[in-house]
file target-v9.cif (mmCIF, C-alpha atoms)
data_final
loop_
_atom_site.group_PDB
_atom_site.id
_atom_site.type_symbol
_atom_site.label_atom_id
_atom_site.label_comp_id
_atom_site.auth_asym_id
_atom_site.auth_seq_id
_atom_site.Cartn_x
_atom_site.Cartn_y
_atom_site.Cartn_z
ATOM 1 C CA MET A 27 110.950 57.307 116.881
ATOM 2 C CA THR A 28 112.327 58.889 113.699
ATOM 3 C CA ALA A 29 109.764 61.682 113.965
ATOM 4 C CA ILE A 30 110.897 62.458 117.531
ATOM 5 C CA ILE A 31 114.554 62.596 116.465
ATOM 6 C CA ILE A 32 113.728 64.917 113.545
ATOM 7 C CA PHE A 33 111.688 67.134 115.887
ATOM 8 C CA LEU A 34 114.586 67.333 118.367
ATOM 9 C CA ILE A 35 117.050 68.233 115.601
ATOM 10 C CA ILE A 36 114.747 71.007 114.351
ATOM 11 C CA LEU A 37 114.286 72.271 117.912
ATOM 12 C CA ILE A 38 118.049 72.340 118.559
ATOM 13 C CA LEU A 39 118.761 74.113 115.257
ATOM 14 C CA GLY A 40 116.075 76.669 116.083
ATOM 15 C CA VAL A 41 117.619 77.423 119.463
ATOM 16 C CA VAL A 42 121.116 77.663 117.983
ATOM 17 C CA SER A 43 120.009 80.057 115.235
ATOM 18 C CA PHE A 44 118.106 82.202 117.743
ATOM 19 C CA THR A 45 120.942 82.490 120.230
ATOM 20 C CA GLY A 46 123.492 82.966 117.467
ATOM 21 C CA SER A 47 121.895 86.151 116.186
ATOM 22 C CA SER A 48 123.609 88.577 118.520
ATOM 23 C CA GLY A 49 124.947 91.899 117.319
ATOM 24 C CA ARG A 50 123.546 95.181 116.137
ATOM 25 C CA LYS A 51 120.332 95.078 114.212
ATOM 26 C CA ASN A 52 120.601 96.142 110.614
ATOM 27 C CA GLN A 53 118.738 96.029 107.368
ATOM 28 C CA ASN A 54 119.109 97.235 103.832
ATOM 29 C CA THR A 55 117.134 98.261 100.816
ATOM 30 C CA GLU A 56 117.818 99.500 97.323
ATOM 31 C CA MET A 57 116.282 102.567 95.704
ATOM 32 C CA THR A 58 116.423 104.159 92.295
ATOM 33 C CA VAL A 59 117.609 107.723 92.609
ATOM 34 C CA GLU A 60 116.942 110.484 90.127
ATOM 35 C CA ASN A 61 118.033 114.107 90.168
ATOM 36 C CA THR A 62 119.658 114.296 93.575
ATOM 37 C CA GLY A 63 117.250 112.049 95.340
ATOM 38 C CA ASN A 64 114.159 114.158 94.794
ATOM 39 C CA THR A 65 111.614 113.109 92.187
ATOM 40 C CA SER A 66 107.956 113.643 91.641
ATOM 41 C CA SER A 67 105.628 111.173 93.238
ATOM 42 C CA THR A 68 103.847 111.247 96.494
ATOM 43 C CA GLY A 69 101.749 108.873 98.431
ATOM 44 C CA SER A 70 100.772 107.837 101.870
ATOM 45 C CA SER A 71 102.650 105.038 103.498
ATOM 46 C CA GLY A 72 99.740 104.268 105.777
ATOM 47 C CA ALA A 73 102.369 103.241 108.311
ATOM 48 C CA SER A 74 101.064 102.543 111.756
ATOM 49 C CA SER A 75 102.380 100.766 114.795
ATOM 50 C CA SER A 76 100.721 98.030 116.776
ATOM 51 C CA SER A 77 103.160 98.455 119.679
ATOM 52 C CA SER A 78 103.333 100.984 122.475
ATOM 53 C CA ARG A 79 106.896 102.148 123.015
ATOM 54 C CA GLU A 80 108.465 104.204 125.767
ATOM 55 C CA LYS A 81 111.124 106.835 125.170
ATOM 56 C CA ILE A 82 114.490 105.419 126.145
ATOM 57 C CA ASP A 83 117.015 107.121 128.386
ATOM 58 C CA THR A 84 120.542 106.503 127.157
ATOM 59 C CA ASP A 85 122.041 109.484 129.002
ATOM 60 C CA LEU A 86 122.883 111.007 125.612
ATOM 61 C CA THR A 87 122.376 114.647 124.783
ATOM 62 C CA PHE A 88 121.224 115.368 121.248
ATOM 63 C CA ASP A 89 124.050 115.887 118.757
ATOM 64 C CA SER A 90 122.909 118.116 115.886
ATOM 65 C CA ASP A 91 126.126 117.368 113.971
ATOM 66 C CA CYS A 92 124.505 114.173 112.754
ATOM 67 C CA ILE A 93 124.515 114.478 108.968
ATOM 68 C CA LEU A 94 127.508 113.576 106.828
ATOM 69 C CA ASP A 95 126.783 114.476 103.204
ATOM 70 C CA GLU A 96 129.504 113.483 100.752
ATOM 71 C CA LEU A 97 127.096 113.925 97.823
ATOM 72 C CA GLY A 98 126.236 117.585 98.330
ATOM 73 C CA TRP A 99 122.506 116.797 98.331
ATOM 74 C CA PHE A 100 121.668 118.782 101.473
ATOM 75 C CA GLU A 101 121.169 122.528 101.151
ATOM 76 C CA ASP A 102 122.056 123.079 104.822
ATOM 77 C CA ALA A 103 123.167 119.894 106.576
ATOM 78 C CA GLU A 104 123.651 121.750 109.867
ATOM 79 C CA ALA A 105 120.054 123.033 109.937
ATOM 80 C CA ALA A 106 118.746 119.647 108.776
ATOM 81 C CA GLY A 107 120.643 118.002 111.627
ATOM 82 C CA GLU A 108 119.101 120.412 114.111
ATOM 83 C CA SER A 109 115.633 119.562 112.779
ATOM 84 C CA LEU A 110 116.136 115.923 113.805
ATOM 85 C CA GLU A 111 116.055 116.889 117.489
ATOM 86 C CA ALA A 112 112.277 116.367 117.520
ATOM 87 C CA PHE A 113 112.871 112.675 116.735
ATOM 88 C CA PHE A 114 115.435 112.439 119.532
ATOM 89 C CA ASP A 115 113.092 114.198 121.982
ATOM 90 C CA ALA A 116 110.261 111.783 121.182
ATOM 91 C CA THR A 117 112.254 108.547 121.139
ATOM 92 C CA GLY A 118 115.547 109.053 122.978
ATOM 93 C CA VAL A 119 117.269 107.723 119.831
ATOM 94 C CA GLN A 120 120.091 109.731 118.250
ATOM 95 C CA PRO A 121 119.685 109.722 114.458
ATOM 96 C CA TYR A 122 122.747 109.843 112.222
ATOM 97 C CA ILE A 123 122.514 110.238 108.441
ATOM 98 C CA TYR A 124 125.420 109.436 106.136
ATOM 99 C CA PHE A 125 125.179 109.971 102.364
ATOM 100 C CA ARG A 126 128.262 108.084 101.164
ATOM 101 C CA ALA A 127 129.959 109.004 97.897
ATOM 102 C CA TYR A 128 130.552 106.281 95.340
ATOM 103 C CA ASP A 129 133.435 104.023 96.293
ATOM 104 C CA GLU A 130 134.590 101.601 93.625
ATOM 105 C CA SER A 131 136.089 99.332 96.293
ATOM 106 C CA LEU A 132 132.612 98.607 97.695
ATOM 107 C CA THR A 133 131.318 96.373 94.922
ATOM 108 C CA THR A 134 128.874 94.099 96.734
ATOM 109 C CA ASP A 135 126.007 94.629 99.133
ATOM 110 C CA SER A 136 127.795 92.634 101.807
ATOM 111 C CA GLU A 137 130.882 94.859 101.503
ATOM 112 C CA LYS A 138 128.680 97.931 101.973
ATOM 113 C CA GLU A 139 127.007 96.331 104.990
ATOM 114 C CA GLU A 140 130.377 95.474 106.543
ATOM 115 C CA TYR A 141 131.522 99.022 105.872
ATOM 116 C CA ALA A 142 128.438 100.435 107.654
ATOM 117 C CA GLN A 143 128.958 98.186 110.672
ATOM 118 C CA GLN A 144 132.621 99.103 110.898
ATOM 119 C CA TRP A 145 131.878 102.801 110.364
ATOM 120 C CA TYR A 146 129.524 102.695 113.354
ATOM 121 C CA GLU A 147 132.240 101.042 115.448
ATOM 122 C CA ASP A 148 134.865 103.575 114.397
ATOM 123 C CA ASN A 149 132.830 106.791 114.484
ATOM 124 C CA ILE A 150 129.972 106.453 116.957
ATOM 125 C CA ASP A 151 130.956 106.160 120.595
ATOM 126 C CA ASN A 152 127.606 105.079 121.984
ATOM 127 C CA GLU A 153 124.921 102.429 121.547
ATOM 128 C CA GLY A 154 122.039 104.895 121.396
ATOM 129 C CA THR A 155 122.307 105.813 117.711
ATOM 130 C CA PHE A 156 120.306 104.852 114.625
ATOM 131 C CA LEU A 157 122.731 105.123 111.697
ATOM 132 C CA PHE A 158 121.222 105.382 108.204
ATOM 133 C CA ILE A 159 123.671 105.146 105.302
ATOM 134 C CA TYR A 160 122.932 105.758 101.639
ATOM 135 C CA PHE A 161 125.634 104.364 99.329
ATOM 136 C CA ALA A 162 125.691 106.179 95.987
ATOM 137 C CA GLU A 163 126.602 104.419 92.768
ATOM 138 C CA GLU A 164 128.983 105.721 90.084
ATOM 139 C CA ASP A 165 126.228 107.571 88.237
ATOM 140 C CA THR A 166 125.110 109.194 91.458
ATOM 141 C CA ASP A 167 121.965 110.864 90.148
ATOM 142 C CA ASN A 168 120.567 108.016 88.064
ATOM 143 C CA ASP A 169 121.853 104.642 89.253
ATOM 144 C CA VAL A 170 120.479 102.515 92.029
ATOM 145 C CA GLY A 171 121.786 103.425 95.453
ATOM 146 C CA TYR A 172 122.008 101.077 98.411
ATOM 147 C CA MET A 173 120.476 101.940 101.786
ATOM 148 C CA TYR A 174 121.362 100.364 105.086
ATOM 149 C CA TYR A 175 120.842 101.068 108.758
ATOM 150 C CA VAL A 176 122.628 100.044 111.933
ATOM 151 C CA CYS A 177 120.938 100.180 115.358
ATOM 152 C CA GLY A 178 122.911 100.580 118.547
ATOM 153 C CA TYR A 179 122.258 97.953 121.214
ATOM 154 C CA ASP A 180 120.513 100.406 123.565
ATOM 155 C CA ILE A 181 117.747 101.488 121.175
ATOM 156 C CA GLU A 182 116.208 98.180 120.178
ATOM 157 C CA SER A 183 113.181 98.656 122.440
ATOM 158 C CA VAL A 184 112.223 101.653 120.282
ATOM 159 C CA MET A 185 113.709 100.691 116.925
ATOM 160 C CA ASP A 186 112.351 97.170 116.947
ATOM 161 C CA GLU A 187 111.521 95.196 113.802
ATOM 162 C CA GLU A 188 108.147 96.862 113.332
ATOM 163 C CA ALA A 189 109.555 100.364 113.832
ATOM 164 C CA CYS A 190 112.292 99.672 111.293
ATOM 165 C CA GLU A 191 109.736 98.439 108.768
ATOM 166 C CA ILE A 192 107.805 101.674 109.305
ATOM 167 C CA PHE A 193 111.055 103.585 108.775
ATOM 168 C CA TRP A 194 111.429 101.932 105.350
ATOM 169 C CA ASP A 195 107.774 102.765 104.567
ATOM 170 C CA TYR A 196 108.486 106.445 105.136
ATOM 171 C CA VAL A 197 111.724 106.282 103.149
ATOM 172 C CA ASP A 198 109.726 104.796 100.275
ATOM 173 C CA GLU A 199 107.115 107.522 100.580
ATOM 174 C CA TYR A 200 109.289 110.611 100.940
ATOM 175 C CA TRP A 201 112.407 109.689 98.939
ATOM 176 C CA TYR A 202 110.394 110.093 95.749
ATOM 177 C CA SER A 203 108.521 113.231 96.834
ATOM 178 C CA ASP A 204 109.107 116.796 95.672
ATOM 179 C CA LEU A 205 110.659 117.692 99.042
ATOM 180 C CA SER A 206 114.217 118.916 99.238
ATOM 181 C CA THR A 207 116.696 116.420 100.689
ATOM 182 C CA ASP A 208 116.734 118.446 103.924
ATOM 183 C CA ASP A 209 112.958 118.395 104.282
ATOM 184 C CA MET A 210 112.711 114.778 103.138
ATOM 185 C CA ILE A 211 114.981 113.525 105.926
ATOM 186 C CA THR A 212 113.178 115.665 108.517
ATOM 187 C CA GLU A 213 109.794 114.406 107.326
ATOM 188 C CA ILE A 214 110.903 110.753 107.419
ATOM 189 C CA PHE A 215 112.036 111.015 111.030
ATOM 190 C CA ASP A 216 109.168 113.230 112.223
ATOM 191 C CA SER A 217 106.631 110.838 110.675
ATOM 192 C CA LEU A 218 108.466 107.856 112.127
ATOM 193 C CA ALA A 219 108.364 109.319 115.642
ATOM 194 C CA ASP A 220 104.635 110.049 115.312
ATOM 195 C CA ALA A 221 103.933 106.529 114.045
ATOM 196 C CA ILE A 222 105.959 104.473 116.524
ATOM 197 C CA MET A 223 105.625 106.384 119.796
#

call {"tool": "encode", "arguments": {"input": "target-v9.cif", "output": "structure tokens"}}
result
Amino acid sequence: MTAIIIFLIILILGVVSFTGSSGRKNQNTEMTVENTGNTSSTGSSGASSSSSREKIDTDLTFDSDCILDELGWFEDAEAAGESLEAFFDATGVQPYIYFRAYDESLTTDSEKEEYAQQWYEDNIDNEGTFLFIYFAEEDTDNDVGYMYYVCGYDIESVMDEEACEIFWDYVDEYWYSDLSTDDMITEIFDSLADAIM
């Protein structure tokens, strides 16, 4: 009898935690950054997808004004934004990249995550966007930065858990490459589209 009661409690808690997890999907990671985000080391992520995904139709048109660079790491943010159209064309997902300058008021990871969620709410007027934010630390070129993404509700069939893991694989691979910041971001998203679609 006790075993049945314990089983029922576990079952109820499982259902509650599953149904209580509504909201935009998000995830974070930390990276060590050296000389403006571009260091020497290459590799192959070996990322591959086990799922077949269909391009989504969110009725959005691609917005090339999708890079906000407060760090001055991009050589030509406008051209880099335009290069992300290939990702949009393949997936239907609007990418948005935000390199956030150091903010001493954001002292914890959870504060940065709350900031990213609120920034999406305040600045993105659709649910078809994949927002990637890099939070710089005080010593921008040498300290650990914090990375976080926020997925709009409409893109979760493409940017599912596996696709987001593959995204991090490509960030790991290209962040430390010899590519410029512009080319690095383009390569991450081009490789991601090829891997997940």

call {"tool": "closest_residue", "arguments": {"input": "target-v9.cif", "among": "A:Thr134, A:Ser217, A:Ser206, A:Gln144", "to": "Ala106 (chain A)", "atoms": "all atoms listed in the file"}}
result
A:Ser206

call {"tool": "resolve_selection", "arguments": {"input": "target-v9.cif", "expression": "the PyMOL selection byres ((chain A and resi 155-167) around 7)", "output": "list in words"}}
result
Val59, Glu60, Asn61, Thr62, Val119, Gln120, Pro121, Tyr122, Ile123, Tyr124, Phe125, Arg126, Ala127, Tyr128, Asn152, Glu153, Gly154, Asn168, Asp169, Val170, Gly171, Tyr172, Met173, Tyr174, Tyr175, Val176, Cys177 and Gly178 of chain A

call {"tool": "closest_residue", "arguments": {"input": "target-v9.cif", "among": "A:Thr133, A:Ser76, A:Asn149, A:Thr84", "to": "Thr117 (chain A)", "atoms": "all atoms listed in the file"}}
result
A:Thr84

call {"tool": "resolve_selection", "arguments": {"input": "target-v9.cif", "expression": "the PyMOL selection byres ((chain A and resi 87) around 10)", "output": "PDB file with C-alpha atoms, in the coordinates of the input"}}
result
ATOM      1  CA  ASP A  83     117.015 107.121 128.386  1.00  0.00           C
ATOM      2  CA  THR A  84     120.542 106.503 127.157  1.00  0.00           C
ATOM      3  CA  ASP A  85     122.041 109.484 129.002  1.00  0.00           C
ATOM      4  CA  LEU A  86     122.883 111.007 125.612  1.00  0.00           C
ATOM      5  CA  PHE A  88     121.224 115.368 121.248  1.00  0.00           C
ATOM      6  CA  ASP A  89     124.050 115.887 118.757  1.00  0.00           C
ATOM      7  CA  SER A  90     122.909 118.116 115.886  1.00  0.00           C
ATOM      8  CA  GLU A 111     116.055 116.889 117.489  1.00  0.00           C
ATOM      9  CA  PHE A 114     115.435 112.439 119.532  1.00  0.00           C
ATOM     10  CA  ASP A 115     113.092 114.198 121.982  1.00  0.00           C
ATOM     11  CA  GLY A 118     115.547 109.053 122.978  1.00  0.00           C
ATOM     12  CA  VAL A 119     117.269 107.723 119.831  1.00  0.00           C
ATOM     13  CA  GLN A 120     120.091 109.731 118.250  1.00  0.00           C
TER      14      GLN A 120
END

call {"tool": "resolve_selection", "arguments": {"input": "target-v9.cif", "expression": "the PyMOL selection byres ((chain A and resi 187) around 12)", "output": "PyMOL selection string"}}
result
chain A and resi 51-53+75-77+177+181-186+188-194+222

call {"tool": "closest_residue", "arguments": {"input": "target-v9.cif", "among": "A:Thr212, A:Asp180, A:Ala221, A:Tyr196", "to": "Ala112 (chain A)", "atoms": "only C-alpha atoms"}}
result
A:Thr212

call {"tool": "axis_aligned_box", "arguments": {"input": "target-v9.cif", "around": "region 191-202 of chain A", "padding_each_side": "5 Å", "output": "JSON"}}
result
{"center_x": 109.8, "center_y": 104.5, "center_z": 102.5, "size_x": 15.3, "size_y": 22.2, "size_z": 23.6}

call {"tool": "residues_near_point", "arguments": {"input": "target-v9.cif", "point": "(116.1, 118.4, 111.4)", "cutoff": "9 Å", "atoms": "only C-alpha atoms", "output": "PyMOL selection string"}}
result
chain A and resi 90+103-113+208-209+211-213+215-216

call {"tool": "atom_distance", "arguments": {"input": "target-v9.cif", "atom1": "CA of Asp220 (chain A)", "atom2": "CA of Arg79 (chain A)"}}
result
11.3 Å
